[in-house]
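Enquirer: My structure is in query-v8.pdb, and what it holds is PDB, C-alpha atoms, pLDDT in the B column:
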MODEL        1
ATOM      1  CA  ALA A   1     119.036  75.393 139.054  1.00 42.00           C
ATOM      2  CA  GLU A   2     119.617  77.000 135.665  1.00 40.00           C
ATOM      3  CA  SER A   3     119.617  80.742 135.270  1.00 42.00           C
ATOM      4  CA  GLY A   4     116.056  81.987 134.732  1.00 42.00           C
ATOM      5  CA  SER A   5     114.529  79.020 136.568  1.00 40.00           C
ATOM      6  CA  SER A   6     112.540  79.322 139.731  1.00 40.00           C
ATOM      7  CA  SER A   7     113.260  77.153 142.750  1.00 42.00           C
ATOM      8  CA  SER A   8     110.459  74.813 141.701  1.00 43.00           C
ATOM      9  CA  GLY A   9     112.255  74.020 138.451  1.00 45.00           C
ATOM     10  CA  SER A  10     109.791  75.687 136.053  1.00 44.00           C
ATOM     11  CA  SER A  11     111.330  78.314 133.772  1.00 46.00           C
ATOM     12  CA  ALA A  12     110.219  81.937 133.873  1.00 50.00           C
ATOM     13  CA  CYS A  13     108.375  83.399 130.888  1.00 44.00           C
ATOM     14  CA  THR A  14     108.594  86.901 129.541  1.00 46.00           C
ATOM     15  CA  PRO A  15     105.283  88.797 129.383  1.00 45.00           C
ATOM     16  CA  ALA A  16     105.034  88.018 125.660  1.00 46.00           C
ATOM     17  CA  GLU A  17     105.383  84.267 126.237  1.00 47.00           C
ATOM     18  CA  ARG A  18     102.992  81.860 127.875  1.00 45.00           C
ATOM     19  CA  PRO A  19     103.024  78.088 128.195  1.00 46.00           C
ATOM     20  CA  VAL A  20     100.378  76.226 126.233  1.00 46.00           C
ATOM     21  CA  SER A  21      99.417  72.624 126.920  1.00 45.00           C
ATOM     22  CA  SER A  22      98.625  70.257 124.101  1.00 45.00           C
ATOM     23  CA  SER A  23      96.016  67.490 124.260  1.00 49.00           C
ATOM     24  CA  SER A  24      98.793  65.024 125.074  1.00 49.00           C
ATOM     25  CA  GLY A  25      99.643  66.975 128.219  1.00 51.00           C
ATOM     26  CA  SER A  26     103.015  68.238 127.010  1.00 48.00           C
ATOM     27  CA  SER A  27     103.526  71.960 127.045  1.00 47.00           C
ATOM     28  CA  SER A  28     105.145  74.254 124.513  1.00 48.00           C
ATOM     29  CA  LEU A  29     105.922  77.935 124.464  1.00 50.00           C
ATOM     30  CA  LEU A  30     103.670  80.308 122.487  1.00 48.00           C
ATOM     31  CA  VAL A  31     105.427  83.583 121.787  1.00 59.00           C
ATOM     32  CA  GLY A  32     103.199  86.668 122.334  1.00 65.00           C
ATOM     33  CA  LYS A  33     100.208  86.841 120.064  1.00 75.00           C
ATOM     34  CA  GLU A  34      99.427  90.190 118.506  1.00 75.00           C
ATOM     35  CA  PRO A  35      95.817  91.387 118.443  1.00 82.00           C
ATOM     36  CA  GLU A  36      94.069  90.483 115.215  1.00 81.00           C
ATOM     37  CA  THR A  37      93.877  93.389 112.775  1.00 84.00           C
ATOM     38  CA  PRO A  38      91.427  93.873 109.899  1.00 84.00           C
ATOM     39  CA  LEU A  39      94.344  93.314 107.501  1.00 85.00           C
ATOM     40  CA  LEU A  40      95.232  90.002 109.144  1.00 86.00           C
ATOM     41  CA  ARG A  41      91.594  88.901 109.105  1.00 86.00           C
ATOM     42  CA  ALA A  42      91.208  89.821 105.411  1.00 85.00           C
ATOM     43  CA  SER A  43      94.443  88.015 104.493  1.00 87.00           C
ATOM     44  CA  ARG A  44      93.459  84.870 106.389  1.00 88.00           C
ATOM     45  CA  ASN A  45      90.011  84.876 104.732  1.00 89.00           C
ATOM     46  CA  ARG A  46      91.622  85.294 101.320  1.00 88.00           C
ATOM     47  CA  ILE A  47      93.948  82.344 101.966  1.00 91.00           C
ATOM     48  CA  MET A  48      91.087  80.167 103.212  1.00 92.00           C
ATOM     49  CA  LEU A  49      88.842  81.114 100.280  1.00 93.00           C
ATOM     50  CA  ARG A  50      91.450  80.208  97.698  1.00 90.00           C
ATOM     51  CA  GLY A  51      92.646  77.153  99.635  1.00 90.00           C
ATOM     52  CA  GLY A  52      96.290  78.095  99.546  1.00 90.00           C
ATOM     53  CA  PRO A  53      98.952  80.689 100.233  1.00 91.00           C
ATOM     54  CA  LEU A  54      99.367  84.179  98.822  1.00 89.00           C
ATOM     55  CA  SER A  55     102.337  84.865  96.590  1.00 92.00           C
ATOM     56  CA  VAL A  56     104.969  87.253  97.920  1.00 93.00           C
ATOM     57  CA  ALA A  57     103.790  89.819  95.348  1.00 93.00           C
ATOM     58  CA  GLU A  58     100.170  89.528  96.553  1.00 90.00           C
ATOM     59  CA  TYR A  59     101.220  89.797 100.184  1.00 89.00           C
ATOM     60  CA  MET A  60     103.403  92.864  99.564  1.00 89.00           C
ATOM     61  CA  GLN A  61     100.683  94.565  97.534  1.00 88.00           C
ATOM     62  CA  GLU A  62      98.186  94.003 100.325  1.00 86.00           C
ATOM     63  CA  VAL A  63     100.341  95.199 103.225  1.00 85.00           C
ATOM     64  CA  LEU A  64     101.640  98.236 101.323  1.00 86.00           C
ATOM     65  CA  THR A  65      98.524  99.406  99.479  1.00 86.00           C
ATOM     66  CA  ASN A  66      95.475  98.139 101.373  1.00 86.00           C
ATOM     67  CA  PRO A  67      93.112 101.161 101.370  1.00 84.00           C
ATOM     68  CA  VAL A  68      92.439 100.918 105.114  1.00 83.00           C
ATOM     69  CA  SER A  69      95.720  99.821 106.658  1.00 83.00           C
ATOM     70  CA  GLY A  70      98.361  99.783 103.917  1.00 83.00           C
ATOM     71  CA  TYR A  71     101.769 101.126 104.875  1.00 82.00           C
ATOM     72  CA  TYR A  72     101.845 103.855 102.205  1.00 79.00           C
ATOM     73  CA  MET A  73      98.185 104.812 102.167  1.00 81.00           C
ATOM     74  CA  LYS A  74      97.558 107.437 104.838  1.00 77.00           C
ATOM     75  CA  ARG A  75     100.822 108.922 105.999  1.00 78.00           C
ATOM     76  CA  ASP A  76     104.146 110.269 104.865  1.00 77.00           C
ATOM     77  CA  VAL A  77     106.732 107.528 105.447  1.00 81.00           C
ATOM     78  CA  PHE A  78     109.679 109.515 104.069  1.00 79.00           C
ATOM     79  CA  GLY A  79     112.222 111.786 105.725  1.00 75.00           C
ATOM     80  CA  SER A  80     113.144 112.472 109.330  1.00 75.00           C
ATOM     81  CA  ARG A  81     109.586 111.899 110.570  1.00 79.00           C
ATOM     82  CA  GLY A  82     109.099 108.785 108.465  1.00 79.00           C
ATOM     83  CA  ASP A  83     110.724 105.383 108.297  1.00 81.00           C
ATOM     84  CA  PHE A  84     113.290 105.973 105.542  1.00 81.00           C
ATOM     85  CA  ILE A  85     114.729 108.563 103.186  1.00 84.00           C
ATOM     86  CA  THR A  86     115.390 108.389  99.443  1.00 85.00           C
ATOM     87  CA  SER A  87     118.068 110.111  97.334  1.00 88.00           C
ATOM     88  CA  PRO A  88     115.768 112.859  95.988  1.00 89.00           C
ATOM     89  CA  GLU A  89     114.931 113.854  99.565  1.00 86.00           C
ATOM     90  CA  ILE A  90     118.627 114.282 100.408  1.00 88.00           C
ATOM     91  CA  SER A  91     119.701 116.448  97.477  1.00 92.00           C
ATOM     92  CA  GLN A  92     118.125 118.038  94.417  1.00 95.00           C
ATOM     93  CA  VAL A  93     121.215 117.103  92.408  1.00 96.00           C
ATOM     94  CA  PHE A  94     119.968 113.530  91.954  1.00 95.00           C
ATOM     95  CA  GLY A  95     116.768 114.609  90.173  1.00 96.00           C
ATOM     96  CA  GLU A  96     118.550 117.270  88.151  1.00 97.00           C
ATOM     97  CA  LEU A  97     121.090 114.713  86.884  1.00 96.00           C
ATOM     98  CA  ILE A  98     118.331 112.266  85.975  1.00 97.00           C
ATOM     99  CA  GLY A  99     116.691 115.144  84.078  1.00 97.00           C
ATOM    100  CA  ILE A 100     119.852 115.877  82.098  1.00 97.00           C
ATOM    101  CA  TRP A 101     120.140 112.165  81.295  1.00 98.00           C
ATOM    102  CA  CYS A 102     116.524 112.255  80.044  1.00 98.00           C
ATOM    103  CA  VAL A 103     117.329 115.223  77.770  1.00 98.00           C
ATOM    104  CA  LEU A 104     120.364 113.409  76.318  1.00 98.00           C
ATOM    105  CA  THR A 105     118.347 110.233  75.788  1.00 98.00           C
ATOM    106  CA  TRP A 106     115.548 112.232  74.128  1.00 98.00           C
ATOM    107  CA  GLN A 107     118.127 113.842  71.802  1.00 98.00           C
ATOM    108  CA  SER A 108     119.593 110.436  70.935  1.00 98.00           C
ATOM    109  CA  MET A 109     116.055 109.299  70.022  1.00 98.00           C
ATOM    110  CA  GLY A 110     115.891 112.056  67.394  1.00 98.00           C
ATOM    111  CA  MET A 111     114.016 114.563  69.604  1.00 98.00           C
ATOM    112  CA  PRO A 112     110.472 113.213  69.100  1.00 98.00           C
ATOM    113  CA  HIS A 113     107.663 115.763  69.431  1.00 97.00           C
ATOM    114  CA  GLN A 114     105.982 113.682  72.118  1.00 98.00           C
ATOM    115  CA  LEU A 115     107.661 111.971  75.029  1.00 97.00           C
ATOM    116  CA  ASN A 116     105.987 110.214  77.942  1.00 98.00           C
ATOM    117  CA  LEU A 117     107.904 110.394  81.207  1.00 97.00           C
ATOM    118  CA  VAL A 118     106.471 107.918  83.702  1.00 97.00           C
ATOM    119  CA  GLU A 119     107.503 107.679  87.344  1.00 96.00           C
ATOM    120  CA  LEU A 120     106.301 104.684  89.349  1.00 95.00           C
ATOM    121  CA  GLY A 121     105.835 105.252  93.073  1.00 90.00           C
ATOM    122  CA  PRO A 122     106.845 108.916  93.055  1.00 93.00           C
ATOM    123  CA  GLY A 123     106.309 109.474  96.772  1.00 88.00           C
ATOM    124  CA  ARG A 124     106.163 113.208  97.470  1.00 89.00           C
ATOM    125  CA  GLY A 125     107.021 114.069  93.842  1.00 93.00           C
ATOM    126  CA  THR A 126     110.454 115.383  94.774  1.00 93.00           C
ATOM    127  CA  LEU A 127     112.356 113.538  92.031  1.00 95.00           C
ATOM    128  CA  MET A 128     110.001 114.799  89.301  1.00 96.00           C
ATOM    129  CA  ALA A 129     110.043 118.361  90.677  1.00 96.00           C
ATOM    130  CA  ASP A 130     113.853 118.378  90.638  1.00 97.00           C
ATOM    131  CA  LEU A 131     113.955 116.781  87.167  1.00 97.00           C
ATOM    132  CA  LEU A 132     111.564 119.370  85.727  1.00 97.00           C
ATOM    133  CA  ARG A 133     113.425 122.257  87.345  1.00 96.00           C
ATOM    134  CA  GLY A 134     116.733 120.897  86.032  1.00 96.00           C
ATOM    135  CA  THR A 135     115.432 120.602  82.467  1.00 98.00           C
ATOM    136  CA  ALA A 136     113.445 123.869  82.330  1.00 97.00           C
ATOM    137  CA  ALA A 137     116.120 125.537  80.158  1.00 97.00           C
ATOM    138  CA  PHE A 138     115.685 122.854  77.458  1.00 97.00           C
ATOM    139  CA  LYS A 139     112.386 124.214  76.053  1.00 98.00           C
ATOM    140  CA  PRO A 140     111.962 121.763  73.123  1.00 98.00           C
ATOM    141  CA  PHE A 141     112.372 118.877  75.604  1.00 98.00           C
ATOM    142  CA  THR A 142     109.914 120.243  78.174  1.00 97.00           C
ATOM    143  CA  GLN A 143     107.379 121.042  75.424  1.00 98.00           C
ATOM    144  CA  ALA A 144     107.559 117.430  74.209  1.00 98.00           C
ATOM    145  CA  LEU A 145     107.033 116.024  77.718  1.00 97.00           C
ATOM    146  CA  THR A 146     103.892 114.481  79.090  1.00 97.00           C
ATOM    147  CA  VAL A 147     104.461 113.529  82.731  1.00 97.00           C
ATOM    148  CA  HIS A 148     102.663 110.581  84.327  1.00 97.00           C
ATOM    149  CA  LEU A 149     102.969 109.844  88.042  1.00 96.00           C
ATOM    150  CA  VAL A 150     101.726 106.374  88.978  1.00 96.00           C
ATOM    151  CA  GLU A 151     100.794 106.470  92.653  1.00 91.00           C
ATOM    152  CA  VAL A 152      98.434 104.262  94.666  1.00 87.00           C
ATOM    153  CA  SER A 153      98.319 106.399  97.800  1.00 87.00           C
ATOM    154  CA  PRO A 154      95.731 109.186  97.907  1.00 86.00           C
ATOM    155  CA  TYR A 155      97.845 110.904 100.578  1.00 86.00           C
ATOM    156  CA  MET A 156     100.944 110.863  98.361  1.00 87.00           C
ATOM    157  CA  ARG A 157      98.953 112.050  95.311  1.00 90.00           C
ATOM    158  CA  LEU A 158      97.956 115.125  97.323  1.00 90.00           C
ATOM    159  CA  GLN A 159     101.614 115.715  98.252  1.00 87.00           C
ATOM    160  CA  GLN A 160     102.590 115.467  94.560  1.00 90.00           C
ATOM    161  CA  TRP A 161      99.815 117.826  93.492  1.00 91.00           C
ATOM    162  CA  ASN A 162     101.013 120.435  95.997  1.00 90.00           C
ATOM    163  CA  LYS A 163     104.657 120.044  94.959  1.00 88.00           C
ATOM    164  CA  LEU A 164     104.187 120.025  91.189  1.00 86.00           C
TER
ENDMDL
END
Spit out the file's structure as structure tokens when you get a sec.

Expert:
Amino acid sequence: AESGSSSSGSSACTPAERPVSSSSGSSSLLVGKEPETPLLRASRNRIMLRGGPLSVAEYMQEVLTNPVSGYYMKRDVFGSRGDFITSPEISQVFGELIGIWCVLTWQSMGMPHQLNLVELGPGRGTLMADLLRGTAAFKPFTQALTVHLVEVSPYMRLQQWNKL
């Protein structure tokens, strides 16, 4: 008998696997089925309603920013307690250097009196906090700045508000 087979010749299944019989009597292996979540149900209904698949962009938007179960929506995913870490969370130098680059770019633009600085997906706001601290000595630059943080997560917006 092969390894993993019982003496009767049928192979053993892990707890996540179970044999499923088809109408023709043949059996196949169904790998563990996860419980259905509201996000899965909503996605399936969306696919059925439109009669076709979601694009990768639509799928990613849904799983990351769904108000109820989106990855970024209700918790801090950064740092040692989260799932990953970004450069601004490791060292303030990154944000300060980006700030100095912004000042040089602003100067090369002729030092306009108004400058919009937009950060997409700012997380905790660490990059912008470091950038603003690093450019504080350049008063004409900071006076020209209007900062815009584009964030979909209410939890992260609160973190940014507290930091900035």

Enquirer: Please indicate the distance in Å from atom CA of Arg44 of chain A to atom CA of Tyr71 of chain A, rounded to one decimal place.

Expert: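 That distance, rounded to one decimal, is 18.3 Å.
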
Enquirer: Atom CA of Arg157 of chain A to atom CA of Ala137 of chain A: how many Å, to one decimal?

Expert: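 Between these atoms lies a distance of 26.6 Å.
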
Enquirer: Step by step, work through what the PyMOL selection byres ((chain A and resi 74) around 8) selects in the shown file, and finish by giving those residues as a list in words.

Expert: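 Taken on the displayed file, the PyMOL selection byres ((chain A and resi 74) around 8) yields the residues Gly70, Tyr71, Tyr72, Met73, Arg75, Asp76, Ser153, Pro154 and Tyr155 of chain A.
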
Enquirer: Write the residues of the preceding selection, restricted to C-alpha atoms, as a compact mmCIF listing (two decimals), in the coordinates of the input.

Expert:
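And here is the file that came out, again.txt:
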# COMPACT_ATOMS: atom_id res chain seq x y z
CA GLY A 70 98.36 99.78 103.92
CA TYR A 71 101.77 101.13 104.88
CA TYR A 72 101.84 103.86 102.20
CA MET A 73 98.18 104.81 102.17
CA ARG A 75 100.82 108.92 106.00
CA ASP A 76 104.15 110.27 104.86
CA SER A 153 98.32 106.40 97.80
CA PRO A 154 95.73 109.19 97.91
CA TYR A 155 97.84 110.90 100.58

Enquirer: So that I can see what lies close to segment 115-122 of chain A, please list as a short mmCIF file (atom, residue, chain, number, x, y, z; two decimals) with C-alpha atoms, in the frame of the given file the residues with an atom at most 9 Å from it, counting all atoms listed in the file and leaving out residues fewer than 2 positions away in the same chain.

Expert:
data_model
loop_
_atom_site.label_atom_id
_atom_site.label_comp_id
_atom_site.auth_asym_id
_atom_site.auth_seq_id
_atom_site.Cartn_x
_atom_site.Cartn_y
_atom_site.Cartn_z
CA CYS A 102 116.52 112.26 80.04
CA TRP A 106 115.55 112.23 74.13
CA MET A 111 114.02 114.56 69.60
CA PRO A 112 110.47 113.21 69.10
CA HIS A 113 107.66 115.76 69.43
CA ARG A 124 106.16 113.21 97.47
CA GLY A 125 107.02 114.07 93.84
CA THR A 126 110.45 115.38 94.77
CA LEU A 127 112.36 113.54 92.03
CA MET A 128 110.00 114.80 89.30
CA PHE A 141 112.37 118.88 75.60
CA ALA A 144 107.56 117.43 74.21
CA LEU A 145 107.03 116.02 77.72
CA THR A 146 103.89 114.48 79.09
CA VAL A 147 104.46 113.53 82.73
CA HIS A 148 102.66 110.58 84.33
CA LEU A 149 102.97 109.84 88.04
CA VAL A 150 101.73 106.37 88.98
CA GLU A 151 100.79 106.47 92.65
CA VAL A 152 98.43 104.26 94.67
CA SER A 153 98.32 106.40 97.80
CA MET A 156 100.94 110.86 98.36
CA ARG A 157 98.95 112.05 95.31
CA GLN A 160 102.59 115.47 94.56
#

Enquirer: Record the distance separating atom CA of Gln107 of chain A and atom CA of Asp130 of chain A, expressed in Å with one decimal.

Expert: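 Spanning atom CA of Gln107 of chain A to atom CA of Asp130 of chain A is a straight-line distance of 19.8 Å.
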
Enquirer: I'd like the contact shell of Trp101 of chain A - 12 Å cut-off, all atoms listed in the file, skipping same-chain residues fewer than 5 positions apart - returned as a list in words.

Expert: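 Near neighbours after the sequence-gap exclusion: Phe94, Gly95, Glu96, Trp106, Gln107, Ser108, Leu131, Gly134, Thr135 and Phe141 of chain A.
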
Enquirer: Rank A:Gln159, A:Phe138, A:Tyr59, A:Pro38 by their smallest atom-to-atom distance to Leu104 of chain A, using only C-alpha atoms, and report the top residue only.

Expert: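 Ranked by minimum distance to Leu104 of chain A, first place goes to A:Phe138.
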
Enquirer: Nearest to Thr86 of chain A among A:Lys139, A:Ser43, A:Arg133, A:Gly123, with distances taken over only C-alpha atoms: which residue is it?

Expert: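 Once distances to Thr86 of chain A are computed over only C-alpha atoms, the minimum belongs to A:Gly123.
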
Enquirer: Would you please work out which residue, of A:Glu58, A:Phe78, A:Leu164, A:Leu64, is nearest to Ile90 of chain A when using only C-alpha atoms?

Expert: A:Phe78

Enquirer: Mind filling out segment 140-162 of chain A with N, CA, C and O atoms and sending it as an mmCIF file, in the frame of the given file?

Expert:
data_model
loop_
_atom_site.group_PDB
_atom_site.id
_atom_site.type_symbol
_atom_site.label_atom_id
_atom_site.label_comp_id
_atom_site.auth_asym_id
_atom_site.auth_seq_id
_atom_site.Cartn_x
_atom_site.Cartn_y
_atom_site.Cartn_z
ATOM 1 N N PRO A 140 112.533 122.787 74.014
ATOM 2 C CA PRO A 140 111.962 121.763 73.123
ATOM 3 C C PRO A 140 111.695 120.441 73.861
ATOM 4 O O PRO A 140 110.701 119.767 73.594
ATOM 5 N N PHE A 141 112.570 120.101 74.803
ATOM 6 C CA PHE A 141 112.372 118.877 75.604
ATOM 7 C C PHE A 141 111.133 119.002 76.484
ATOM 8 O O PHE A 141 110.265 118.142 76.470
ATOM 9 N N THR A 142 111.045 120.101 77.245
ATOM 10 C CA THR A 142 109.914 120.243 78.174
ATOM 11 C C THR A 142 108.586 120.368 77.427
ATOM 12 O O THR A 142 107.558 119.934 77.931
ATOM 13 N N GLN A 143 108.608 120.935 76.213
ATOM 14 C CA GLN A 143 107.379 121.042 75.424
ATOM 15 C C GLN A 143 106.935 119.675 74.898
ATOM 16 O O GLN A 143 105.738 119.451 74.686
ATOM 17 N N ALA A 144 107.882 118.774 74.696
ATOM 18 C CA ALA A 144 107.559 117.430 74.209
ATOM 19 C C ALA A 144 107.044 116.515 75.329
ATOM 20 O O ALA A 144 106.409 115.501 75.064
ATOM 21 N N LEU A 145 107.326 116.890 76.569
ATOM 22 C CA LEU A 145 107.033 116.024 77.718
ATOM 23 C C LEU A 145 105.564 115.943 78.088
ATOM 24 O O LEU A 145 104.860 116.945 78.140
ATOM 25 N N THR A 146 105.140 114.737 78.375
ATOM 26 C CA THR A 146 103.892 114.481 79.090
ATOM 27 C C THR A 146 104.298 113.654 80.293
ATOM 28 O O THR A 146 104.869 112.571 80.154
ATOM 29 N N VAL A 147 104.041 114.179 81.485
ATOM 30 C CA VAL A 147 104.461 113.529 82.731
ATOM 31 C C VAL A 147 103.310 112.701 83.288
ATOM 32 O O VAL A 147 102.166 113.172 83.342
ATOM 33 N N HIS A 148 103.632 111.481 83.687
ATOM 34 C CA HIS A 148 102.663 110.581 84.327
ATOM 35 C C HIS A 148 103.257 110.097 85.644
ATOM 36 O O HIS A 148 104.337 109.509 85.652
ATOM 37 N N LEU A 149 102.558 110.358 86.735
ATOM 38 C CA LEU A 149 102.969 109.844 88.042
ATOM 39 C C LEU A 149 102.006 108.716 88.405
ATOM 40 O O LEU A 149 100.799 108.928 88.465
ATOM 41 N N VAL A 150 102.544 107.533 88.635
ATOM 42 C CA VAL A 150 101.726 106.374 88.978
ATOM 43 C C VAL A 150 101.843 106.161 90.484
ATOM 44 O O VAL A 150 102.880 105.730 90.985
ATOM 45 N N GLU A 151 100.780 106.497 91.190
ATOM 46 C CA GLU A 151 100.794 106.470 92.653
ATOM 47 C C GLU A 151 99.504 105.854 93.174
ATOM 48 O O GLU A 151 98.417 106.226 92.742
ATOM 49 N N VAL A 152 99.613 104.916 94.108
ATOM 50 C CA VAL A 152 98.434 104.262 94.666
ATOM 51 C C VAL A 152 97.901 104.961 95.910
ATOM 52 O O VAL A 152 96.752 104.773 96.280
ATOM 53 N N SER A 153 98.710 105.768 96.544
ATOM 54 C CA SER A 153 98.319 106.399 97.800
ATOM 55 C C SER A 153 97.638 107.743 97.578
ATOM 56 O O SER A 153 98.248 108.669 97.035
ATOM 57 N N PRO A 154 96.392 107.881 98.023
ATOM 58 C CA PRO A 154 95.731 109.186 97.907
ATOM 59 C C PRO A 154 96.497 110.275 98.662
ATOM 60 O O PRO A 154 96.586 111.411 98.204
ATOM 61 N N TYR A 155 97.073 109.939 99.804
ATOM 62 C CA TYR A 155 97.845 110.904 100.578
ATOM 63 C C TYR A 155 99.050 111.399 99.777
ATOM 64 O O TYR A 155 99.323 112.597 99.717
ATOM 65 N N MET A 156 99.761 110.479 99.143
ATOM 66 C CA MET A 156 100.944 110.863 98.361
ATOM 67 C C MET A 156 100.538 111.637 97.105
ATOM 68 O O MET A 156 101.248 112.559 96.687
ATOM 69 N N ARG A 157 99.410 111.290 96.484
ATOM 70 C CA ARG A 157 98.953 112.050 95.311
ATOM 71 C C ARG A 157 98.714 113.514 95.676
ATOM 72 O O ARG A 157 99.030 114.422 94.910
ATOM 73 N N LEU A 158 98.165 113.755 96.861
ATOM 74 C CA LEU A 158 97.956 115.125 97.323
ATOM 75 C C LEU A 158 99.293 115.837 97.518
ATOM 76 O O LEU A 158 99.446 117.000 97.137
ATOM 77 N N GLN A 159 100.279 115.138 98.083
ATOM 78 C CA GLN A 159 101.614 115.715 98.252
ATOM 79 C C GLN A 159 102.220 116.087 96.891
ATOM 80 O O GLN A 159 102.808 117.152 96.735
ATOM 81 N N GLN A 160 102.052 115.214 95.900
ATOM 82 C CA GLN A 160 102.590 115.467 94.560
ATOM 83 C C GLN A 160 101.889 116.671 93.922
ATOM 84 O O GLN A 160 102.544 117.523 93.302
ATOM 85 N N TRP A 161 100.587 116.723 94.069
ATOM 86 C CA TRP A 161 99.815 117.826 93.492
ATOM 87 C C TRP A 161 100.314 119.168 94.052
ATOM 88 O O TRP A 161 100.499 120.127 93.326
ATOM 89 N N ASN A 162 100.539 119.207 95.364
ATOM 90 C CA ASN A 162 101.013 120.435 95.997
ATOM 91 C C ASN A 162 102.436 120.791 95.578
ATOM 92 O O ASN A 162 102.762 121.965 95.479
#
